[in-house]
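Below: input_2.cif (mmCIF, C-alpha atoms and all ligand atoms)
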```
data_final
#
loop_
_atom_site.label_atom_id
_atom_site.label_comp_id
_atom_site.auth_asym_id
_atom_site.auth_seq_id
_atom_site.Cartn_x
_atom_site.Cartn_y
_atom_site.Cartn_z
CA MET A 1 0.00 0.00 0.00
CA ASN A 2 1.64 3.29 -1.03
CA LYS A 3 -0.49 6.20 0.18
CA VAL A 4 -2.56 5.97 3.36
CA SER A 5 -4.79 8.71 4.79
CA VAL A 6 -6.71 8.81 8.03
CA SER A 7 -8.59 11.22 10.24
CA SER A 8 -8.37 10.79 13.98
CA PRO A 9 -10.35 12.80 16.53
CA SER A 10 -9.48 14.68 19.65
CA ASN A 11 -11.19 13.66 22.88
CA ILE A 12 -12.32 15.44 26.00
CA ALA A 13 -11.34 13.86 29.32
CA LEU A 14 -14.23 13.58 31.78
CA ILE A 15 -12.02 11.86 34.37
CA LYS A 16 -8.56 13.31 33.78
CA TYR A 17 -5.26 11.52 33.39
CA TRP A 18 -2.87 13.70 35.43
CA GLY A 19 0.46 12.31 36.58
CA MET A 20 2.45 9.38 35.25
CA SER A 21 3.63 6.17 36.88
CA ASP A 22 6.16 5.56 34.08
CA ALA A 23 7.16 8.51 31.89
CA GLN A 24 9.31 6.34 29.58
CA ARG A 25 6.34 4.17 28.61
CA THR A 26 3.68 6.90 29.08
CA LEU A 27 1.79 4.96 31.71
CA PRO A 28 -0.70 6.87 33.87
CA ASN A 29 -1.13 6.89 37.63
CA ASN A 30 -4.89 6.54 37.30
CA ALA A 31 -7.55 5.33 34.91
CA SER A 32 -9.19 8.10 32.90
CA LEU A 33 -12.44 8.37 31.00
CA SER A 34 -13.20 10.43 27.89
CA MET A 35 -15.65 11.25 25.16
CA THR A 36 -14.24 11.04 21.64
CA LEU A 37 -15.09 14.10 19.56
CA ASN A 38 -16.38 14.29 16.01
CA GLN A 39 -15.38 17.61 14.40
CA CYS A 40 -11.99 18.28 16.04
CA VAL A 41 -9.81 15.93 14.04
CA SER A 42 -6.27 15.57 12.72
CA TYR A 43 -5.75 14.44 9.16
CA CYS A 44 -2.62 12.54 8.19
CA THR A 45 -1.39 11.24 4.84
CA LEU A 46 1.64 9.05 4.71
CA ALA A 47 3.48 7.61 1.70
CA ARG A 48 6.85 6.12 0.84
CA GLN A 49 9.40 8.85 0.13
CA THR A 50 10.36 8.65 -3.52
CA SER A 51 12.88 11.50 -3.66
CA GLY A 52 15.77 11.06 -1.25
CA THR A 53 16.45 9.00 1.83
CA SER A 54 15.14 11.21 4.63
CA ASP A 55 11.61 11.84 5.86
CA GLU A 56 9.68 14.85 4.63
CA ILE A 57 7.24 16.20 7.23
CA LEU A 58 4.71 18.70 5.95
CA TRP A 59 1.89 20.85 7.31
CA LYS A 60 -1.08 21.81 5.15
CA THR A 61 -1.86 25.52 5.44
CA ALA A 62 -5.33 27.09 5.38
CA SER A 63 -4.73 28.08 1.75
CA GLY A 64 -4.05 24.44 0.89
CA SER A 65 -0.31 24.56 0.29
CA LEU A 66 2.12 22.14 1.90
CA ILE A 67 4.96 23.68 3.90
CA PRO A 68 7.66 22.10 6.11
CA ALA A 69 6.23 21.44 9.59
CA GLN A 70 7.42 23.69 12.45
CA ALA A 71 10.50 22.45 14.31
CA SER A 72 8.62 21.42 17.48
CA MET A 73 5.99 19.47 15.54
CA ARG A 74 8.67 17.88 13.41
CA ARG A 75 10.56 16.75 16.52
CA GLY A 76 7.45 15.17 18.01
CA ILE A 77 6.60 13.35 14.79
CA GLU A 78 10.19 12.12 14.33
CA GLN A 79 10.28 10.74 17.87
CA HIS A 80 7.00 8.96 17.37
CA LEU A 81 8.10 7.62 13.98
CA GLN A 82 11.24 6.21 15.53
CA GLN A 83 9.14 4.17 17.97
CA LEU A 84 6.68 3.05 15.30
CA ARG A 85 9.55 1.93 13.08
CA GLN A 86 11.05 -0.10 15.88
CA HIS A 87 7.69 -1.70 16.63
CA PHE A 88 6.96 -2.66 13.00
CA ASP A 89 10.59 -3.05 11.89
CA ASP A 90 9.79 -0.86 8.87
CA TRP A 91 12.47 1.69 8.09
CA GLN A 92 11.42 3.17 4.75
CA PRO A 93 11.74 6.96 4.55
CA LEU A 94 8.33 8.60 4.44
CA ARG A 95 6.53 11.65 3.14
CA ILE A 96 4.03 12.76 5.77
CA ALA A 97 1.51 15.56 5.65
CA THR A 98 -0.78 16.57 8.47
CA VAL A 99 -3.29 19.25 9.43
CA ASN A 100 -5.81 19.86 12.20
CA SER A 101 -9.39 21.06 11.86
CA PHE A 102 -8.99 23.09 15.09
CA PRO A 103 -6.41 25.23 17.00
CA THR A 104 -3.18 23.33 17.66
CA GLY A 105 -1.59 23.13 21.15
CA ALA A 106 -4.32 25.14 22.85
CA GLY A 107 -5.62 22.50 25.25
CA ILE A 108 -8.03 20.84 22.82
CA ALA A 109 -5.91 17.69 22.71
CA SER A 110 -4.32 18.24 19.30
CA SER A 111 -1.51 15.95 20.41
CA ALA A 112 -4.04 13.17 21.06
CA SER A 113 -5.58 13.48 17.60
CA GLY A 114 -2.28 14.16 15.82
CA PHE A 115 -0.29 11.30 17.29
CA SER A 116 -3.16 8.84 17.06
CA ALA A 117 -3.56 9.78 13.37
CA LEU A 118 0.15 9.18 12.74
CA ALA A 119 0.10 5.83 14.56
CA LEU A 120 -3.02 4.69 12.72
CA ALA A 121 -1.69 5.66 9.28
CA PHE A 122 1.63 3.94 9.98
CA ALA A 123 -0.08 0.81 11.31
CA LEU A 124 -2.42 0.61 8.29
CA ARG A 125 0.57 0.91 5.97
CA CYS A 126 2.09 -2.03 7.82
CA GLY A 127 -1.03 -4.12 7.28
CA GLN A 128 -2.77 -3.73 10.65
CA SER A 129 -6.52 -3.20 10.86
CA PHE A 130 -8.40 -0.44 12.68
CA ASN A 131 -9.59 -3.00 15.24
CA SER A 132 -6.15 -4.06 16.39
CA PRO A 133 -5.82 -3.74 20.20
CA ASP A 134 -2.20 -2.59 19.65
CA LEU A 135 -3.36 0.75 18.25
CA SER A 136 -4.11 2.29 21.63
CA GLN A 137 -0.58 1.46 22.80
CA LEU A 138 1.01 2.65 19.55
CA ALA A 139 -0.82 5.98 19.70
CA ARG A 140 0.68 6.97 23.07
CA LEU A 141 4.31 6.10 22.19
CA SER A 142 5.08 9.79 21.64
CA GLY A 143 4.31 10.63 25.27
CA SER A 144 0.76 11.92 24.77
CA GLY A 145 -1.18 9.49 26.94
CA SER A 146 -4.56 10.82 25.90
CA ALA A 147 -3.79 9.67 22.33
CA ALA A 148 -4.41 6.13 23.64
CA ARG A 149 -8.11 7.05 23.92
CA SER A 150 -8.45 8.82 20.55
CA VAL A 151 -8.16 5.63 18.50
CA ILE A 152 -11.60 4.57 19.79
CA GLY A 153 -15.01 6.19 19.33
CA GLY A 154 -17.72 7.00 21.88
CA PHE A 155 -17.06 6.83 25.61
CA VAL A 156 -13.66 5.41 26.38
CA GLN A 157 -11.74 4.28 29.44
CA TRP A 158 -7.93 4.08 29.55
CA PRO A 159 -6.69 1.66 30.74
CA GLY A 160 -9.67 -0.58 30.07
CA HIS A 161 -8.87 -2.48 33.31
CA PRO A 162 -8.29 0.26 35.91
CA GLY A 163 -5.89 -1.75 38.09
CA GLN A 164 -3.68 -2.71 35.13
CA LEU A 165 -2.11 0.51 33.94
CA HIS A 166 -0.36 -1.00 30.89
CA CYS A 167 -3.67 -2.16 29.34
CA PRO A 168 -5.08 -0.45 26.21
CA ALA A 169 -8.06 1.89 26.18
CA GLU A 170 -11.52 0.37 25.70
CA GLN A 171 -14.89 1.68 24.62
CA PHE A 172 -17.64 1.20 27.21
CA ALA A 173 -20.45 2.93 25.27
CA PRO A 174 -20.73 4.02 21.62
CA ALA A 175 -21.37 7.64 20.67
CA GLN A 176 -24.96 6.81 19.67
CA HIS A 177 -25.69 5.65 23.22
CA TRP A 178 -25.70 9.30 24.36
CA PRO A 179 -24.81 11.82 21.63
CA LEU A 180 -23.78 14.62 23.97
CA HIS A 181 -22.80 17.94 22.44
CA ASP A 182 -19.59 19.81 23.27
CA LEU A 183 -19.49 23.56 22.66
CA ILE A 184 -15.83 24.47 22.97
CA ALA A 185 -15.15 28.04 24.06
CA VAL A 186 -11.73 28.92 22.65
CA VAL A 187 -10.50 31.52 25.12
CA ASP A 188 -6.94 31.49 23.83
CA ALA A 189 -5.95 29.64 20.66
CA GLY A 190 -2.21 30.17 21.27
CA HIS A 191 0.16 27.49 22.49
CA LYS A 192 -0.06 26.93 26.24
CA ASN A 193 2.94 28.03 28.32
CA ILE A 194 3.31 24.84 30.31
CA SER A 195 2.97 21.52 28.50
CA SER A 196 0.80 18.77 29.89
CA ARG A 197 3.98 16.66 30.04
CA GLU A 198 5.37 19.12 32.58
CA GLY A 199 2.03 19.08 34.43
CA HIS A 200 2.17 15.28 34.69
CA ARG A 201 5.71 15.49 36.01
CA LEU A 202 4.81 18.01 38.71
CA ALA A 203 1.47 16.49 39.76
CA ALA A 204 2.87 14.42 42.64
CA SER A 205 4.41 17.57 44.17
CA SER A 206 0.91 18.78 45.11
CA PRO A 207 0.13 17.93 48.76
CA PHE A 208 -3.37 16.91 47.58
CA TYR A 209 -2.32 14.45 44.88
CA ALA A 210 -2.30 11.31 47.04
CA ALA A 211 -5.84 12.06 48.27
CA ARG A 212 -6.96 12.54 44.65
CA LEU A 213 -5.65 9.12 43.65
CA THR A 214 -7.53 7.36 46.46
CA GLN A 215 -10.84 8.98 45.44
CA LEU A 216 -10.59 8.43 41.69
CA PRO A 217 -11.68 4.76 41.38
CA GLU A 218 -15.04 5.50 43.00
CA ARG A 219 -15.49 8.69 40.93
CA LEU A 220 -14.73 6.79 37.74
CA ASN A 221 -17.34 4.14 38.55
CA THR A 222 -19.91 6.82 39.40
CA LEU A 223 -19.34 8.54 36.07
CA ARG A 224 -19.37 5.30 34.09
CA GLU A 225 -22.74 4.39 35.62
CA ALA A 226 -24.06 7.92 34.98
CA ILE A 227 -23.14 7.63 31.29
CA LEU A 228 -24.58 4.14 30.97
CA ASN A 229 -27.85 5.36 32.60
CA ARG A 230 -27.85 8.73 30.74
CA ASP A 231 -28.07 10.40 34.16
CA PHE A 232 -27.14 14.01 33.34
CA ASP A 233 -27.29 15.38 36.91
CA THR A 234 -24.72 12.87 38.17
CA LEU A 235 -22.57 13.39 35.07
CA ALA A 236 -22.58 17.18 35.57
CA ASP A 237 -21.73 17.01 39.24
CA THR A 238 -18.93 14.46 38.73
CA VAL A 239 -17.37 16.06 35.64
CA GLU A 240 -17.24 19.56 37.17
CA ARG A 241 -15.78 18.35 40.48
CA GLU A 242 -13.18 16.40 38.55
CA ALA A 243 -12.09 19.34 36.39
CA VAL A 244 -11.76 21.64 39.38
CA GLU A 245 -9.75 19.01 41.22
CA MET A 246 -7.30 18.43 38.37
CA HIS A 247 -6.67 22.16 38.10
CA MET A 248 -6.41 22.43 41.88
CA ILE A 249 -3.62 19.82 41.71
CA ALA A 250 -1.93 21.87 38.97
CA MET A 251 -2.31 25.12 40.93
CA THR A 252 -0.83 23.53 44.07
CA SER A 253 2.04 21.77 42.30
CA LYS A 254 5.54 23.07 42.95
CA PRO A 255 6.04 25.25 40.95
CA ALA A 256 2.36 26.09 40.51
CA ILE A 257 0.66 25.85 37.11
CA PHE A 258 -2.27 28.13 36.29
CA TYR A 259 -4.05 27.24 33.06
CA TRP A 260 -7.24 29.20 33.71
CA GLN A 261 -7.84 32.79 32.66
CA PRO A 262 -10.50 35.11 34.12
CA VAL A 263 -12.89 34.35 31.26
CA THR A 264 -12.48 30.61 31.96
CA LEU A 265 -13.96 31.18 35.43
CA GLU A 266 -16.67 33.41 33.99
CA ILE A 267 -17.83 30.62 31.67
CA LEU A 268 -17.75 28.02 34.45
CA ALA A 269 -19.98 30.29 36.59
CA ARG A 270 -22.42 30.97 33.72
CA VAL A 271 -22.72 27.25 33.01
CA ARG A 272 -23.55 26.52 36.65
CA GLN A 273 -26.22 29.24 36.53
CA LEU A 274 -27.71 27.78 33.33
CA ARG A 275 -27.95 24.42 35.06
CA ARG A 276 -29.70 26.01 38.03
CA ASP A 277 -32.08 27.56 35.48
CA GLY A 278 -32.96 24.03 34.34
CA LEU A 279 -30.74 23.35 31.32
CA GLN A 280 -28.80 20.10 30.99
CA VAL A 281 -25.33 21.58 30.74
CA CYS A 282 -21.97 21.25 32.51
CA SER A 283 -18.36 22.13 31.82
CA THR A 284 -14.84 20.77 31.93
CA VAL A 285 -11.36 22.11 31.14
CA ASP A 286 -8.25 20.21 30.01
CA ALA A 287 -4.69 21.55 30.29
CA GLY A 288 -5.42 25.04 28.96
CA PRO A 289 -7.87 27.93 29.42
CA ASN A 290 -10.51 26.70 26.94
CA VAL A 291 -13.82 25.40 28.27
CA HIS A 292 -15.73 22.39 26.97
CA VAL A 293 -19.43 23.02 27.59
CA LEU A 294 -21.22 19.68 27.50
CA CYS A 295 -24.96 19.54 26.95
CA THR A 296 -27.78 17.43 25.59
CA LEU A 297 -29.14 17.86 22.06
CA GLN A 298 -32.41 19.33 23.38
CA ASP A 299 -30.58 22.17 25.18
CA VAL A 300 -27.72 22.92 22.80
CA SER A 301 -29.27 25.95 21.11
CA ALA A 302 -30.49 27.49 24.40
CA VAL A 303 -26.99 27.03 25.86
CA TYR A 304 -25.30 28.62 22.86
CA THR A 305 -27.77 31.51 22.80
CA ALA A 306 -27.00 32.20 26.46
CA LEU A 307 -23.20 32.01 26.08
CA ARG A 308 -22.37 33.24 22.58
CA LYS A 309 -22.16 36.92 23.48
CA LEU A 310 -19.67 36.39 26.31
CA PRO A 311 -16.73 38.74 25.82
CA GLY A 312 -13.31 37.09 25.75
CA VAL A 313 -14.24 34.00 23.74
CA GLU A 314 -12.22 34.02 20.50
CA GLN A 315 -14.16 31.25 18.82
CA TRP A 316 -16.86 28.67 19.50
CA ILE A 317 -16.35 25.18 18.10
CA PHE A 318 -19.42 22.93 17.82
CA ASP A 319 -18.64 19.33 18.46
CA GLN A 320 -20.28 16.20 19.78
CA ALA A 321 -19.57 12.56 20.62
CA GLY A 322 -18.05 10.84 17.60
CA ASP A 323 -17.35 7.38 16.24
CA GLY A 324 -13.56 7.55 16.15
CA PRO A 325 -10.89 7.43 13.43
CA ARG A 326 -11.58 6.81 9.78
CA GLN A 327 -9.52 5.71 6.81
CA LEU A 328 -9.92 8.23 3.99
CA ALA A 329 -9.85 7.92 0.22
CA ARG A 330 -8.87 11.61 -0.11
CA HIS A 331 -5.22 12.38 0.48
CA LEU A 332 -3.40 15.56 1.57
CA PHE A 333 -0.95 15.24 -1.37
O1 LIG A 401 -2.09 13.26 26.81
P1 LIG A 401 -1.40 14.41 27.43
O2 LIG A 401 -0.03 14.10 27.85
O3 LIG A 401 -1.48 15.62 26.56
O4 LIG A 401 -2.18 14.78 28.78
C1 LIG A 401 -3.55 15.02 28.81
C2 LIG A 401 -3.90 15.76 30.05
C3 LIG A 401 -5.36 16.19 30.15
O5 LIG A 401 -5.85 16.58 28.89
C4 LIG A 401 -5.44 17.39 31.07
C5 LIG A 401 -6.23 15.12 30.75
C6 LIG A 401 -6.60 13.97 29.86
O6 LIG A 401 -6.88 12.89 30.41
O7 LIG A 401 -6.71 14.13 28.64
#
```

Is it possible to give me this structure as structure tokens?
Amino acid sequence: MNKVSVSSPSNIALIKYWGMSDAQRTLPNNASLSMTLNQCVSYCTLARQTSGTSDEILWKTASGSLIPAQASMRRGIEQHLQQLRQHFDDWQPLRIATVNSFPTGAGIASSASGFSALALAFALRCGQSFNSPDLSQLARLSGSGSAARSVIGGFVQWPGHPGQLHCPAEQFAPAQHWPLHDLIAVVDAGHKNISSREGHRLAASSPFYAARLTQLPERLNTLREAILNRDFDTLADTVEREAVEMHMIAMTSKPAIFYWQPVTLEILARVRQLRRDGLQVCSTVDAGPNVHVLCTLQDVSAVYTALRKLPGVEQWIFDQAGDGPRQLARHLF
């Protein structure tokens, strides 16, 4: 197979992975739970390099031209490629092009979608199928643990067996089970100052981290049950507590990490008020200032109408639970 193209989605963590037990192998300290998105995706086309012996790594611009990828992106892709090559024992030089449908490096998990897309395209080229259980492990080789969840659609737990941290991610409900909407308030589309990798490294320096780890198994079960029963009140309560707690760990790490901006807090407060007013809506925030506003289909337009005029939001992205990666017949080059 010469040219392979895939799209792979971002995901939003509902129970956050924060802190690693093994940074070399990107193993988490706790099981996490996420919803795979539909619109926020990375595209990746990969083909054998025909001119020369080194890899060519390209980024597709908004105008449609292919330019060399930025140095930091190139480094990440090269590191991941190295691991994929070792795994598959396939050393052919490659031409790779990639692009995201959403802001890159702004806390909307572009590393999860980007690295999962690369791993999937590489694995398909090497003859693996989309259903291979290896894909979840291959996706996180670059160090982005959340990529392990992006290879699967719907509601996903990583690791699938919470006590066994090396296990792959597993779906526990498809997107159709509860097609929740996610209105993403992009507060700042720039690159975040402190990487999530650094956040994972510092997590254990928070005096509250050990207490967090003891409470997480019960919280994860509560949320899983809430999703399986489509119980929005329990979902909202659990997801908001969880987001605040992850950021509290970040803010009390040494040195402290502050991802939130004033408008982040403003949106969180507005969402709580909307829920008190009777709408099925709640919010969560990954490692950045942007807010994911989760709501049911019946309330999505009322929620957007109430929030769209908020000053300080650069862009609203409309997303919802999605089915996961796809192989594409259309290529980037
Ligand atoms: O996958 P990483 O290394 O980018 O870390 C993800 C960290 C959070 O987004 C904050 C939580 C998560 O589980 O996705």

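For the choices A:Arg149, A:His292, A:Arg25, A:His177, the atom-to-atom distance to Ile227 (chain A) is smallest for A:His177 when using all atoms listed in the file.
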
Quiz item: Skipping near chain neighbours, those fewer than 5 positions away, what residues fall within 6 Å of region 6-16 of chain A using only C-alpha atoms, listed as a PyMOL selection string?
Solution: chain A and resi 32-37+40-44+109+112-113+117+150+239+325-328

Practice problem: Name each residue within 9 Å of ligand LIG 401 (chain A), counting all atoms listed in the file, as a ChimeraX atom specification. | Solution: /A:11-19,26,31-34,107-112,140,143-149,158,195-200,243,246-247,285-288

Self-check item: For Pro179 (chain A): contacts at 9 Å, all atoms listed in the file, fewer than 6 positions along chain excluded, given as a ChimeraX atom specification
Solution: /A:154,296-297,320-322

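Closest to Leu307 (chain A) among A:Leu183, A:Leu213, A:Cys126, A:Leu141 is A:Leu183, based on all atoms listed in the file.
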
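Rounded to one decimal, CA of Leu84 (chain A) and CA of Ala123 (chain A) lie 8.2 Å from each other.
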
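Among the candidates A:Ala69, A:Met248, A:Ile96, A:Leu81, the residue lying nearest to Gln49 (chain A) is A:Ile96 (atoms considered: all atoms listed in the file).
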
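CA of His181 (chain A) is found 19.1 Å from CA of Leu310 (chain A).
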
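The coordinates place CA of Thr305 (chain A) at 20.9 Å from CA of Asp188 (chain A).
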
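Residue nearest Asn100 (chain A), chosen from A:Trp59, A:Asp323, A:Arg74, A:Asp134 and counting all atoms listed in the file: A:Trp59.
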
Practice problem: Rank nothing, just name the residue among A:Arg75, A:Arg330, A:Lys192, A:Arg275 nearest to Gln261 (chain A), using only C-alpha atoms. | Solution: A:Lys192

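In terms of minimum interatomic distance to Phe333 (chain A), A:Thr45 ranks closest within A:Asn2, A:Gln128, A:Thr45, A:Asn38, counting all atoms listed in the file.
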